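Shown here: final-v3.txt, compact mmCIF, C-alpha atoms and all ligand atoms.
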# COMPACT_ATOMS: atom_id res chain seq x y z
CA MET A 174 279.28 248.32 162.10
CA THR A 175 275.61 247.86 161.21
CA ILE A 176 273.77 245.17 163.14
CA ASN A 177 273.61 242.73 160.21
CA GLN A 178 277.43 242.58 159.97
CA TYR A 179 277.61 240.73 163.28
CA HIS A 180 277.79 236.96 163.54
CA PRO A 181 274.44 235.11 163.71
CA GLU A 182 274.95 234.25 167.41
CA THR A 183 275.31 237.96 168.14
CA LEU A 184 272.23 238.75 166.05
CA SER A 185 270.18 236.23 168.03
CA VAL A 186 271.07 238.11 171.22
CA ARG A 187 271.07 241.69 169.92
CA ALA A 188 269.13 242.16 166.66
CA GLY A 189 265.68 243.72 166.75
CA SER A 190 266.00 245.08 170.28
CA GLU A 191 264.69 248.57 170.92
CA MET A 192 264.86 250.43 174.19
CA THR A 193 262.28 252.83 175.61
CA GLU A 194 263.19 256.03 177.47
CA PHE A 195 263.55 253.92 180.64
CA GLY A 196 266.67 252.12 179.36
CA GLU A 197 265.50 248.57 180.11
CA ASN A 198 268.14 245.97 179.14
CA SER A 199 265.55 243.24 178.51
CA GLU A 200 262.91 243.98 175.88
CA ALA A 201 259.72 245.59 177.18
CA LEU A 202 256.39 243.82 176.98
CA PHE A 203 253.79 246.13 175.45
CA LEU A 204 250.63 244.50 176.77
CA ASN A 205 248.18 246.95 175.25
CA SER A 206 245.66 246.69 172.46
CA SER A 207 245.69 250.26 171.13
CA PHE A 208 247.97 253.29 170.87
CA ARG A 209 247.20 256.96 171.53
CA PHE A 210 247.67 259.83 169.12
CA ASN A 211 248.65 263.39 169.97
CA SER A 212 245.89 264.83 167.82
CA ALA A 213 243.07 263.98 165.43
CA ALA A 214 245.41 264.91 162.59
CA GLN A 215 248.04 262.45 163.79
CA ALA A 216 245.39 259.73 164.07
CA ALA A 217 244.36 260.44 160.49
CA ALA A 218 248.00 260.39 159.31
CA ARG A 219 248.65 257.04 161.02
CA PHE A 220 245.51 255.51 159.54
CA GLY A 221 246.30 257.01 156.15
CA GLY A 222 249.79 255.52 156.24
CA THR A 223 251.54 258.86 155.74
CA GLU A 224 253.03 258.68 159.25
CA PRO A 225 254.59 255.43 160.49
CA GLY A 226 253.70 254.18 163.96
CA ASN A 227 251.49 251.85 165.92
CA ILE A 228 247.70 252.03 165.79
CA TYR A 229 246.27 248.81 167.13
CA SER A 230 247.94 245.55 168.18
CA ARG A 231 246.13 243.47 165.57
CA PHE A 232 248.23 245.44 163.04
CA THR A 233 251.49 246.09 164.87
CA ASN A 234 252.79 246.03 168.44
CA PRO A 235 256.32 247.06 169.50
CA THR A 236 257.12 243.76 171.25
CA VAL A 237 255.89 241.77 168.22
CA THR A 238 257.88 244.09 165.92
CA MET A 239 261.06 243.40 167.91
CA PHE A 240 260.45 239.65 167.55
CA GLN A 241 259.82 240.01 163.81
CA ASN A 242 262.99 242.05 163.28
CA LYS A 243 265.14 239.63 165.26
CA LEU A 244 263.86 236.56 163.39
CA ALA A 245 264.17 238.38 160.03
CA ALA A 246 267.82 239.17 160.83
CA LEU A 247 268.46 235.50 161.67
CA GLU A 248 266.81 234.11 158.51
CA GLY A 249 268.31 236.85 156.32
CA ALA A 250 264.80 237.95 155.28
CA GLU A 251 263.67 241.45 154.33
CA GLN A 252 260.48 241.06 156.31
CA CYS A 253 258.88 238.80 158.92
CA VAL A 254 255.15 238.57 159.64
CA ALA A 255 254.49 237.06 163.09
CA THR A 256 251.34 234.98 163.52
CA SER A 257 249.31 233.37 166.30
CA SER A 258 250.58 229.83 165.57
CA GLY A 259 252.54 227.83 163.03
CA MET A 260 249.30 226.80 161.33
CA SER A 261 248.14 230.39 160.97
CA ALA A 262 251.54 231.20 159.45
CA ILE A 263 250.85 228.61 156.74
CA LEU A 264 247.30 229.91 156.32
CA ALA A 265 248.47 233.54 156.04
CA CYS A 266 251.17 232.51 153.56
CA VAL A 267 248.64 230.78 151.28
CA MET A 268 245.95 233.47 151.67
CA GLY A 269 248.48 236.16 150.86
CA THR A 270 249.97 234.50 147.79
CA CYS A 271 247.18 232.38 146.21
CA ASN A 272 243.73 232.86 144.69
CA ALA A 273 240.88 230.38 144.18
CA GLY A 274 241.83 228.00 141.39
CA ASP A 275 245.54 228.26 142.11
CA HIS A 276 247.59 225.14 142.63
CA ILE A 277 250.11 224.08 145.27
CA VAL A 278 252.61 221.23 144.98
CA ALA A 279 253.42 219.96 148.45
CA SER A 280 255.64 217.28 149.86
CA ARG A 281 253.75 214.20 151.05
CA SER A 282 255.92 214.29 154.20
CA ILE A 283 254.65 217.50 155.82
CA PHE A 284 253.11 218.12 159.23
CA GLY A 285 249.77 216.25 159.39
CA THR A 286 247.74 219.37 160.17
CA SER A 287 249.27 221.13 157.14
CA VAL A 288 247.94 218.27 154.99
CA GLN A 289 244.48 218.74 156.55
CA LEU A 290 244.63 222.51 155.98
CA PHE A 291 245.49 222.10 152.31
CA SER A 292 243.31 219.15 151.37
CA ASN A 293 240.26 219.55 153.64
CA ILE A 294 239.87 223.27 154.29
CA LEU A 295 241.58 225.26 151.55
CA ALA A 296 240.32 222.76 148.94
CA ARG A 297 236.76 223.89 149.83
CA TRP A 298 237.79 227.39 148.74
CA GLY A 299 239.00 226.26 145.37
CA LEU A 300 242.67 225.68 146.05
CA LEU A 301 244.15 222.63 144.33
CA VAL A 302 246.95 220.60 145.92
CA THR A 303 249.12 217.79 144.57
CA PHE A 304 251.24 215.80 147.00
CA VAL A 305 254.56 214.42 145.75
CA SER A 306 257.71 212.76 147.08
CA LEU A 307 259.97 215.14 149.02
CA THR A 308 263.11 213.61 147.57
CA ASN A 309 262.16 213.11 143.90
CA PRO A 310 262.48 216.40 141.92
CA ASP A 311 260.98 214.74 138.80
CA GLU A 312 257.64 214.40 140.62
CA TRP A 313 257.67 218.14 141.41
CA GLN A 314 258.39 218.97 137.78
CA ALA A 315 255.63 216.65 136.57
CA ALA A 316 253.05 218.07 138.99
CA ILE A 317 253.32 221.65 137.70
CA THR A 318 250.21 223.20 136.11
CA PRO A 319 249.77 226.69 134.59
CA ARG A 320 248.20 227.71 137.94
CA THR A 321 250.98 226.40 140.23
CA LYS A 322 251.82 229.18 142.69
CA LEU A 323 253.65 227.46 145.56
CA PHE A 324 255.96 224.53 146.25
CA PHE A 325 255.69 223.59 149.93
CA VAL A 326 258.27 221.47 151.81
CA GLU A 327 259.63 220.59 155.23
CA THR A 328 263.25 219.48 155.28
CA PRO A 329 264.20 217.40 157.20
CA SER A 330 260.76 215.79 157.18
CA ASN A 331 258.79 214.63 160.19
CA PRO A 332 259.24 211.92 161.45
CA LEU A 333 261.61 210.19 158.99
CA THR A 334 264.04 213.12 158.56
CA ASP A 335 264.16 212.88 154.74
CA VAL A 336 266.07 215.79 153.23
CA CYS A 337 265.43 217.53 149.90
CA ASP A 338 267.79 219.70 147.87
CA ILE A 339 266.34 223.19 148.44
CA GLN A 340 268.24 224.76 145.52
CA VAL A 341 267.04 222.11 143.05
CA LEU A 342 263.38 222.54 144.04
CA ALA A 343 263.74 226.34 144.04
CA ASP A 344 265.05 226.23 140.45
CA ILE A 345 262.14 224.04 139.30
CA ALA A 346 259.64 226.32 141.06
CA HIS A 347 261.13 229.50 139.64
CA LYS A 348 261.14 228.18 136.06
CA ALA A 349 257.41 227.56 136.50
CA GLY A 350 256.83 231.03 137.96
CA ALA A 351 256.12 229.56 141.41
CA TYR A 352 257.60 230.24 144.85
CA LEU A 353 259.33 227.71 147.09
CA VAL A 354 258.06 227.73 150.69
CA VAL A 355 260.15 225.94 153.34
CA ASP A 356 258.70 225.16 156.77
CA ASN A 357 261.99 225.55 158.72
CA CYS A 358 260.57 224.46 162.05
CA PHE A 359 262.90 221.46 162.56
CA CYS A 360 266.14 223.33 161.87
CA THR A 361 265.55 226.98 162.76
CA PRO A 362 267.95 229.53 161.21
CA ALA A 363 270.60 228.34 163.66
CA ILE A 364 270.99 225.20 161.52
CA GLN A 365 269.56 225.99 158.08
CA LYS A 366 268.82 229.22 156.17
CA PRO A 367 266.47 228.28 153.30
CA LEU A 368 266.37 231.80 151.79
CA GLN A 369 270.14 231.65 151.23
CA LEU A 370 269.66 228.29 149.49
CA GLY A 371 267.15 229.70 147.01
CA ALA A 372 263.78 229.43 148.79
CA ASP A 373 261.39 232.40 148.60
CA ILE A 374 259.41 232.05 151.81
CA VAL A 375 260.21 230.54 155.20
CA ILE A 376 257.53 229.37 157.64
CA HIS A 377 258.00 228.83 161.36
CA SER A 378 256.06 227.27 164.16
CA ALA A 379 257.65 229.40 166.90
CA THR A 380 255.92 227.03 169.32
CA LYS A 381 258.80 224.60 168.86
CA TYR A 382 262.50 225.51 169.03
CA ILE A 383 262.04 229.29 168.89
CA ASP A 384 260.25 229.15 172.24
CA GLY A 385 262.40 226.18 173.20
CA GLN A 386 260.73 225.56 176.52
CA GLY A 387 257.20 224.53 175.56
CA ARG A 388 255.28 227.60 176.74
CA CYS A 389 253.61 229.53 173.92
CA LEU A 390 252.00 229.11 170.51
CA GLY A 391 253.21 231.30 167.66
CA GLY A 392 254.41 231.34 164.10
CA ALA A 393 256.05 233.44 161.41
CA VAL A 394 256.21 233.93 157.65
CA LEU A 395 259.40 235.43 156.20
CA GLY A 396 260.46 236.62 152.76
CA SER A 397 260.90 239.67 150.56
CA LYS A 398 258.95 242.86 151.25
CA VAL A 399 256.97 242.37 148.05
CA LEU A 400 255.94 238.81 148.95
CA MET A 401 255.17 239.67 152.58
CA GLU A 402 252.95 242.66 151.82
CA PRO A 403 249.82 240.62 150.95
CA VAL A 404 250.63 238.16 153.76
CA TYR A 405 250.64 241.05 156.22
CA GLY A 406 247.49 242.43 154.56
CA PHE A 407 245.71 239.14 155.28
CA LEU A 408 246.99 239.03 158.87
CA ARG A 409 245.95 242.55 159.89
CA THR A 410 242.48 241.99 158.43
CA ALA A 411 241.84 238.38 159.46
CA GLY A 412 243.47 238.88 162.87
CA VAL A 413 245.74 235.83 163.15
CA THR A 414 248.20 238.12 164.95
CA MET A 415 250.84 236.99 167.45
CA SER A 416 250.09 238.07 171.02
CA ALA A 417 252.54 240.55 172.52
CA PHE A 418 253.06 238.29 175.51
CA ASN A 419 254.02 235.36 173.30
CA ALA A 420 256.33 237.58 171.24
CA TRP A 421 258.08 238.60 174.46
CA VAL A 422 258.60 234.94 175.41
CA PHE A 423 259.90 234.15 171.89
CA LEU A 424 262.32 237.11 172.02
CA LYS A 425 263.88 235.54 175.10
CA GLY A 426 263.86 232.15 173.38
CA LEU A 427 265.72 233.47 170.35
CA GLU A 428 268.52 234.86 172.53
CA THR A 429 269.56 231.30 173.41
CA LEU A 430 268.67 229.69 170.06
CA TYR A 431 272.21 229.01 168.87
CA VAL A 432 273.48 227.44 172.07
CA ARG A 433 270.30 225.41 172.45
CA MET A 434 270.30 224.08 168.88
CA GLU A 435 273.96 223.11 169.21
CA ALA A 436 273.20 221.22 172.41
CA HIS A 437 270.06 219.56 170.93
CA SER A 438 272.08 218.42 167.90
CA LYS A 439 275.00 217.15 169.96
CA ASN A 440 272.69 215.08 172.18
CA ALA A 441 270.65 213.84 169.20
CA LEU A 442 273.75 212.70 167.28
CA ALA A 443 275.06 210.84 170.33
CA LEU A 444 271.69 209.21 170.93
CA ALA A 445 271.26 208.28 167.24
CA ALA A 446 274.70 206.63 167.17
CA TRP A 447 273.87 204.72 170.35
CA LEU A 448 270.46 203.61 169.03
CA GLU A 449 272.08 202.33 165.86
CA VAL A 450 273.99 199.65 167.76
CA GLN A 451 271.10 198.43 169.91
CA PRO A 452 269.99 194.93 168.86
CA GLN A 453 266.27 195.79 169.16
CA VAL A 454 266.57 198.74 166.77
CA ALA A 455 266.08 197.93 163.10
CA CYS A 456 266.84 201.32 161.58
CA VAL A 457 267.68 204.84 162.79
CA TYR A 458 266.66 208.00 160.89
CA TYR A 459 268.90 210.97 161.63
CA PRO A 460 270.50 213.28 159.02
CA GLY A 461 273.69 213.58 161.07
CA LEU A 462 274.43 209.84 160.77
CA PRO A 463 276.61 208.72 157.83
CA SER A 464 274.05 205.91 157.27
CA HIS A 465 271.31 208.48 156.45
CA PRO A 466 270.47 208.30 152.71
CA GLN A 467 270.90 212.07 152.22
CA HIS A 468 273.64 212.57 154.81
CA LEU A 469 275.99 214.51 152.49
CA LEU A 470 273.21 216.77 151.19
CA ALA A 471 272.01 217.39 154.75
CA MET A 472 275.51 218.32 155.88
CA ARG A 473 275.79 220.75 152.96
CA GLN A 474 272.48 222.48 153.75
CA GLN A 475 272.55 222.23 157.53
CA SER A 476 275.20 223.06 160.09
CA SER A 477 274.18 219.98 162.12
CA GLY A 478 271.60 217.18 162.16
CA GLY A 479 269.11 218.89 164.47
CA GLY A 480 267.30 217.45 167.48
CA ILE A 481 264.87 214.89 166.04
CA VAL A 482 265.74 211.18 165.92
CA SER A 483 263.36 208.45 164.75
CA PHE A 484 263.89 204.70 164.73
CA ASP A 485 262.14 201.43 163.87
CA LEU A 486 261.89 198.77 166.53
CA LYS A 487 262.04 195.05 165.90
CA ALA A 488 259.11 193.16 167.40
CA LYS A 489 259.94 190.35 169.79
CA LEU A 490 258.43 186.92 169.25
CA GLY A 491 254.63 187.03 169.62
CA GLN A 492 254.61 190.82 169.72
CA THR A 493 253.33 193.25 167.10
CA GLN A 494 255.51 196.18 166.09
CA GLN A 495 253.10 198.57 167.77
CA GLN A 496 253.35 196.58 171.01
CA ALA A 497 257.13 196.79 170.83
CA ALA A 498 257.01 200.55 170.30
CA TRP A 499 254.44 201.14 173.05
CA ALA A 500 256.40 198.93 175.48
CA LEU A 501 259.51 201.07 174.98
CA ILE A 502 257.54 204.30 175.36
CA ASP A 503 255.82 203.05 178.52
CA ALA A 504 259.16 201.94 179.99
CA THR A 505 260.53 205.50 179.96
CA GLN A 506 260.43 207.51 183.17
CA LEU A 507 262.37 210.67 182.37
CA ILE A 508 261.42 211.36 178.74
CA SER A 509 257.98 212.97 178.38
CA ILE A 510 255.34 211.06 176.42
CA THR A 511 254.01 213.90 174.26
CA ALA A 512 253.87 214.71 170.57
CA ASN A 513 255.37 218.18 170.97
CA LEU A 514 258.98 218.88 169.99
CA GLY A 515 261.55 221.60 170.37
CA ASP A 516 261.45 221.60 174.16
CA ALA A 517 264.38 221.46 176.61
CA LYS A 518 262.61 218.33 177.89
CA SER A 519 263.07 215.27 175.66
CA THR A 520 259.81 213.93 174.26
CA ILE A 521 258.88 210.53 172.84
CA THR A 522 255.99 209.67 170.56
CA HIS A 523 254.55 206.87 168.41
CA PRO A 524 253.70 208.63 165.11
CA ALA A 525 251.43 205.88 163.72
CA THR A 526 248.93 206.21 166.61
CA THR A 527 249.34 209.94 167.38
CA THR A 528 250.58 212.58 164.92
CA HIS A 529 249.86 210.41 161.88
CA SER A 530 246.81 208.49 163.16
CA ARG A 531 244.43 210.45 160.91
CA VAL A 532 246.41 209.46 157.85
CA THR A 533 245.12 206.20 156.29
CA ALA A 534 247.16 203.05 156.96
CA GLU A 535 248.01 202.79 153.24
CA ALA A 536 249.26 206.39 153.13
CA ARG A 537 251.31 205.77 156.28
CA THR A 538 252.91 202.69 154.77
CA ALA A 539 253.60 204.59 151.53
CA ALA A 540 255.27 207.31 153.59
CA GLY A 541 257.39 204.72 155.42
CA ILE A 542 255.80 205.36 158.82
CA GLY A 543 255.54 201.85 160.21
CA ASP A 544 253.88 200.63 163.42
CA GLY A 545 257.31 200.10 164.98
CA LEU A 546 258.45 203.68 164.44
CA VAL A 547 259.27 205.84 167.47
CA ARG A 548 260.28 209.52 167.36
CA ILE A 549 262.34 211.24 170.02
CA ALA A 550 262.75 215.01 170.10
CA VAL A 551 266.03 215.03 171.98
CA GLY A 552 266.15 217.64 174.74
CA LEU A 553 268.88 219.13 176.87
CA GLU A 554 269.15 216.51 179.62
CA HIS A 555 272.49 214.72 180.09
CA ILE A 556 272.98 212.14 177.34
CA ASP A 557 273.77 209.35 179.84
CA ASP A 558 270.44 209.91 181.58
CA LEU A 559 268.61 209.69 178.24
CA LYS A 560 270.37 206.44 177.35
CA ALA A 561 269.59 205.06 180.81
CA ASP A 562 265.92 205.95 180.32
CA LEU A 563 265.96 203.88 177.10
CA ALA A 564 267.85 200.96 178.70
CA PHE A 565 264.79 198.81 177.82
CA LEU A 566 266.39 198.59 174.36
CA THR A 567 269.54 197.00 175.68
CA LYS A 568 267.74 194.13 177.43
C1 LIG B 1 254.03 222.12 164.98
C2 LIG B 1 254.27 222.34 163.56
C3 LIG B 1 253.45 223.18 162.80
C4 LIG B 1 252.24 223.86 163.39
O1 LIG B 1 252.59 224.77 164.37
P1 LIG B 1 251.60 225.22 165.56
O2 LIG B 1 252.38 226.27 166.24
O3 LIG B 1 251.32 224.01 166.37
O4 LIG B 1 250.36 225.74 164.89
C5 LIG B 1 253.76 223.37 161.46
N1 LIG B 1 254.82 222.76 160.91
C6 LIG B 1 255.62 221.93 161.59
C7 LIG B 1 256.77 221.28 160.91
C8 LIG B 1 255.38 221.69 162.94
O5 LIG B 1 256.18 220.84 163.62

When written as structure tokens, how does the structure in this file appear?
Amino acid sequence: MTINQYHPETLSVRAGSEMTEFGENSEALFLNSSFRFNSAAQAAARFGGTEPGNIYSRFTNPTVTMFQNKLAALEGAEQCVATSSGMSAILACVMGTCNAGDHIVASRSIFGTSVQLFSNILARWGLLVTFVSLTNPDEWQAAITPRTKLFFVETPSNPLTDVCDIQVLADIAHKAGAYLVVDNCFCTPAIQKPLQLGADIVIHSATKYIDGQGRCLGGAVLGSKVLMEPVYGFLRTAGVTMSAFNAWVFLKGLETLYVRMEAHSKNALALAAWLEVQPQVACVYYPGLPSHPQHLLAMRQQSSGGGIVSFDLKAKLGQTQQQAAWALIDATQLISITANLGDAKSTITHPATTTHSRVTAEARTAAGIGDGLVRIAVGLEHIDDLKADLAFLTK
């Protein structure tokens, strides 16, 4: 049996691992910047690319390679390029695939910093971006220009968990000669495999569920060998490389990915169903709930709803929606008040004044992110303790 014939859970534990002569059963951490050669001729052969092998950890490092191979096996990708953060994964993806004057169509509902990267920084280098509705394929079709190179989406979206049909967008992109990029941070391959659904490139912020315990920053770009070659070329030159230490932490994180994502989803579904019947809650956004507008599509593309639940609060008399949301957040004692997600510890945040505070009020309203919206990244605590921590809602 070759490794890729095993079940995904087995791959998450076993794929990518390589053992040194010492027979260690947990992957070794190669905390070194450069590698020695046996001779000047070998050095020349390594640099010339005629002999495979490590040269310098900005290019390759055995611990990082093990992480890349494990994640590639999980996503079903030919190649994975590990990066220093999720943002540098997006940067490397664009730098590797686009030229000045090229055009990207991106969902309006992507990570706020991704919006800044596209429209404030890359725009200065001649990249054009059009933002469209995640869920309306006609807008994607209409936005295409002769220079469109990439379609860029997150599904489910943050924080409202809107879901797009990956296959439909991939078909539109491919007819235009463009590639579909999916930032798969919310789902991870344990829940959704975008490449199998027709996407060309997958992006990860490994900082989130791949680490799973809130320790390290990292990212990854995955796709075919042909597409990843220029992405890797950018990385080894520009130096947005993943640190070996972080790769070692992520390798351990991936071993438990399937059991963690199942537990996150189970807790999130239970919490979402509970929130839905609380009188102070106006609306719950969670793809695993039958009330979610794209529930059936989500359940076709994903094996579960994932760990992120958002909801709108009703303001009490004389209270603004923001006051209602802040009062709930401040009443929690167990759940961490932080904007991070993908941690074993549940986190709670008010998108309008944190993650989306740099977006204009009009853009926020257009995106459906109201002042009463609260997002919980549901962790691995006992569900009854999470409900008890939100008992404020029942009063
Ligand atoms: C956090 C996040 C990023 C950025 O990742 P970093 O590791 O913080 O650079 C990109 N996309 C999504 C969806 C994220 O949640």

Legend entry - For ligand LIG 1 (chain B), the nearest of the candidates A:Gln495, A:Asn177, A:Thr183, A:Thr334, counting only C-alpha atoms and all ligand atoms: A:Thr334

Legend entry - From A:Ile277, A:Ala504, A:Ala417, A:Cys358, residue lying nearest A:Pro319 [all atoms listed in the file]: A:Ile277

Legend entry - Test item: residues at most 7 Å from A:Phe407, all atoms listed in the file, excluding those fewer than 4 positions along its chain, as a ChimeraX atom specification: /A:265,268-269,403,411

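Considering all atoms listed in the file, the residue among A:Asn309, A:Thr567, A:Asn419, A:Gln492 positioned nearest to A:Leu448 is A:Thr567.
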
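Within 8 Å of the file-frame point (258.5, 220.2, 164.0), and using only C-alpha atoms, the polymer residues found are Phe284, Asn331, Cys358, Phe359, Ser378, Lys381, Asn513, Leu514 and Gly515 of chain A.
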
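Atom CA of A:Ile502 is found 27.0 Å from atom CA of A:Gly259.
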
Inset, instruction - Tell me which of A:Lys568, A:His437, A:Arg548, A:His347 sits closest to A:Gln451, counting only C-alpha atoms. - result: A:Lys568

Inset, instruction - Just the residues within 10 Å of stretch 464-473 of chain A, please, counting only C-alpha atoms, with nothing from its chain fewer than 3 positions along; format it as a ChimeraX atom specification. - result: /A:308,328-329,334-339,364-365,446,449,456-461,476-478

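Of note, atom CA of A:Val482 and atom CA of A:Val551 are spaced 7.2 Å apart.
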
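Residue nearest ligand LIG 1 (chain B) within the list A:Gly392, A:Gly350, A:Gly249, A:Pro524: A:Gly392 [criterion: smallest interatomic distance, all atoms listed in the file].
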
Inset, instruction - Just give me the gap between atom CA of A:Leu486 and atom CA of A:Val547 in Å, one decimal is fine. - result: 7.6 Å

Legend entry - Closest of A:Arg281, A:Arg231, A:Lys560, A:Lys243 to A:Glu191 - atom-to-atom distances counting all atoms listed in the file: A:Lys243

Inset, instruction - Please determine the residues with any atom at most 8 Å from (266.4, 196.5, 163.5) (coordinates as given in the file, with all atoms listed in the file counting) and report them as a PyMOL selection string. - result: chain A and resi 452-456+485-487

Would you list the contacts of A:Leu264 as a short mmCIF file (atom, residue, chain, number, x, y, z; two decimals) with C-alpha atoms, in the frame of the given file, taking every protein, DNA or RNA residue within 12 Å and counting only C-alpha atoms, but skipping same-chain residues closer than 4 positions in sequence?
data_model
loop_
_atom_site.label_atom_id
_atom_site.label_comp_id
_atom_site.auth_asym_id
_atom_site.auth_seq_id
_atom_site.Cartn_x
_atom_site.Cartn_y
_atom_site.Cartn_z
CA THR A 256 251.34 234.98 163.52
CA SER A 257 249.31 233.37 166.30
CA SER A 258 250.58 229.83 165.57
CA GLY A 259 252.54 227.83 163.03
CA MET A 260 249.30 226.80 161.33
CA MET A 268 245.95 233.47 151.67
CA GLY A 269 248.48 236.16 150.86
CA THR A 270 249.97 234.50 147.79
CA CYS A 271 247.18 232.38 146.21
CA THR A 286 247.74 219.37 160.17
CA SER A 287 249.27 221.13 157.14
CA VAL A 288 247.94 218.27 154.99
CA GLN A 289 244.48 218.74 156.55
CA LEU A 290 244.63 222.51 155.98
CA PHE A 291 245.49 222.10 152.31
CA ILE A 294 239.87 223.27 154.29
CA LEU A 295 241.58 225.26 151.55
CA ILE A 376 257.53 229.37 157.64
CA HIS A 377 258.00 228.83 161.36
CA GLY A 392 254.41 231.34 164.10
CA ALA A 393 256.05 233.44 161.41
CA VAL A 394 256.21 233.93 157.65
CA VAL A 404 250.63 238.16 153.76
CA TYR A 405 250.64 241.05 156.22
CA PHE A 407 245.71 239.14 155.28
CA LEU A 408 246.99 239.03 158.87
CA ALA A 411 241.84 238.38 159.46
CA GLY A 412 243.47 238.88 162.87
CA VAL A 413 245.74 235.83 163.15
CA THR A 414 248.20 238.12 164.95
#

If the box runs along x, y and z of the file and leaves 6 Å on each side of ligand LIG 1 (chain B), what are its centre and edge lengths in Å, one decimal, as AutoDock Vina command-line options?
--center_x 253.6 --center_y 223.6 --center_z 163.6 --size_x 18.4 --size_y 17.4 --size_z 17.5

Would you output stretch 462-473 of chain A from that structure, restricted to N, CA and C atoms, as a PDB file, in the first residue's frame?
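Now in result_26.pdb:
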ATOM      1  N   LEU A 462     -26.456  24.616  10.411  1.00  0.00           N
ATOM      2  CA  LEU A 462     -27.862  24.761  10.803  1.00  0.00           C
ATOM      3  C   LEU A 462     -28.753  24.712   9.562  1.00  0.00           C
ATOM      4  N   PRO A 463     -29.872  23.977   9.629  1.00  0.00           N
ATOM      5  CA  PRO A 463     -30.795  23.951   8.481  1.00  0.00           C
ATOM      6  C   PRO A 463     -31.297  25.340   8.103  1.00  0.00           C
ATOM      7  N   SER A 464     -31.276  26.303   9.023  1.00  0.00           N
ATOM      8  CA  SER A 464     -31.748  27.664   8.724  1.00  0.00           C
ATOM      9  C   SER A 464     -30.724  28.463   7.909  1.00  0.00           C
ATOM     10  N   HIS A 465     -29.502  27.961   7.761  1.00  0.00           N
ATOM     11  CA  HIS A 465     -28.478  28.690   7.005  1.00  0.00           C
ATOM     12  C   HIS A 465     -28.866  28.725   5.528  1.00  0.00           C
ATOM     13  N   PRO A 466     -28.757  29.905   4.867  1.00  0.00           N
ATOM     14  CA  PRO A 466     -29.245  30.009   3.477  1.00  0.00           C
ATOM     15  C   PRO A 466     -28.568  29.037   2.499  1.00  0.00           C
ATOM     16  N   GLN A 467     -27.328  28.667   2.748  1.00  0.00           N
ATOM     17  CA  GLN A 467     -26.670  27.710   1.834  1.00  0.00           C
ATOM     18  C   GLN A 467     -26.371  26.390   2.544  1.00  0.00           C
ATOM     19  N   HIS A 468     -27.271  25.997   3.455  1.00  0.00           N
ATOM     20  CA  HIS A 468     -27.027  24.788   4.253  1.00  0.00           C
ATOM     21  C   HIS A 468     -26.772  23.549   3.376  1.00  0.00           C
ATOM     22  N   LEU A 469     -27.609  23.345   2.358  1.00  0.00           N
ATOM     23  CA  LEU A 469     -27.475  22.120   1.545  1.00  0.00           C
ATOM     24  C   LEU A 469     -26.171  22.123   0.753  1.00  0.00           C
ATOM     25  N   LEU A 470     -25.833  23.290   0.184  1.00  0.00           N
ATOM     26  CA  LEU A 470     -24.562  23.414  -0.537  1.00  0.00           C
ATOM     27  C   LEU A 470     -23.393  23.158   0.420  1.00  0.00           C
ATOM     28  N   ALA A 471     -23.460  23.759   1.600  1.00  0.00           N
ATOM     29  CA  ALA A 471     -22.379  23.586   2.579  1.00  0.00           C
ATOM     30  C   ALA A 471     -22.209  22.116   2.941  1.00  0.00           C
ATOM     31  N   MET A 472     -23.332  21.425   3.112  1.00  0.00           N
ATOM     32  CA  MET A 472     -23.240  20.020   3.521  1.00  0.00           C
ATOM     33  C   MET A 472     -22.777  19.116   2.372  1.00  0.00           C
ATOM     34  N   ARG A 473     -22.879  19.628   1.140  1.00  0.00           N
ATOM     35  CA  ARG A 473     -22.336  18.892  -0.009  1.00  0.00           C
ATOM     36  C   ARG A 473     -20.821  19.091  -0.099  1.00  0.00           C
TER      37      ARG A 473
END
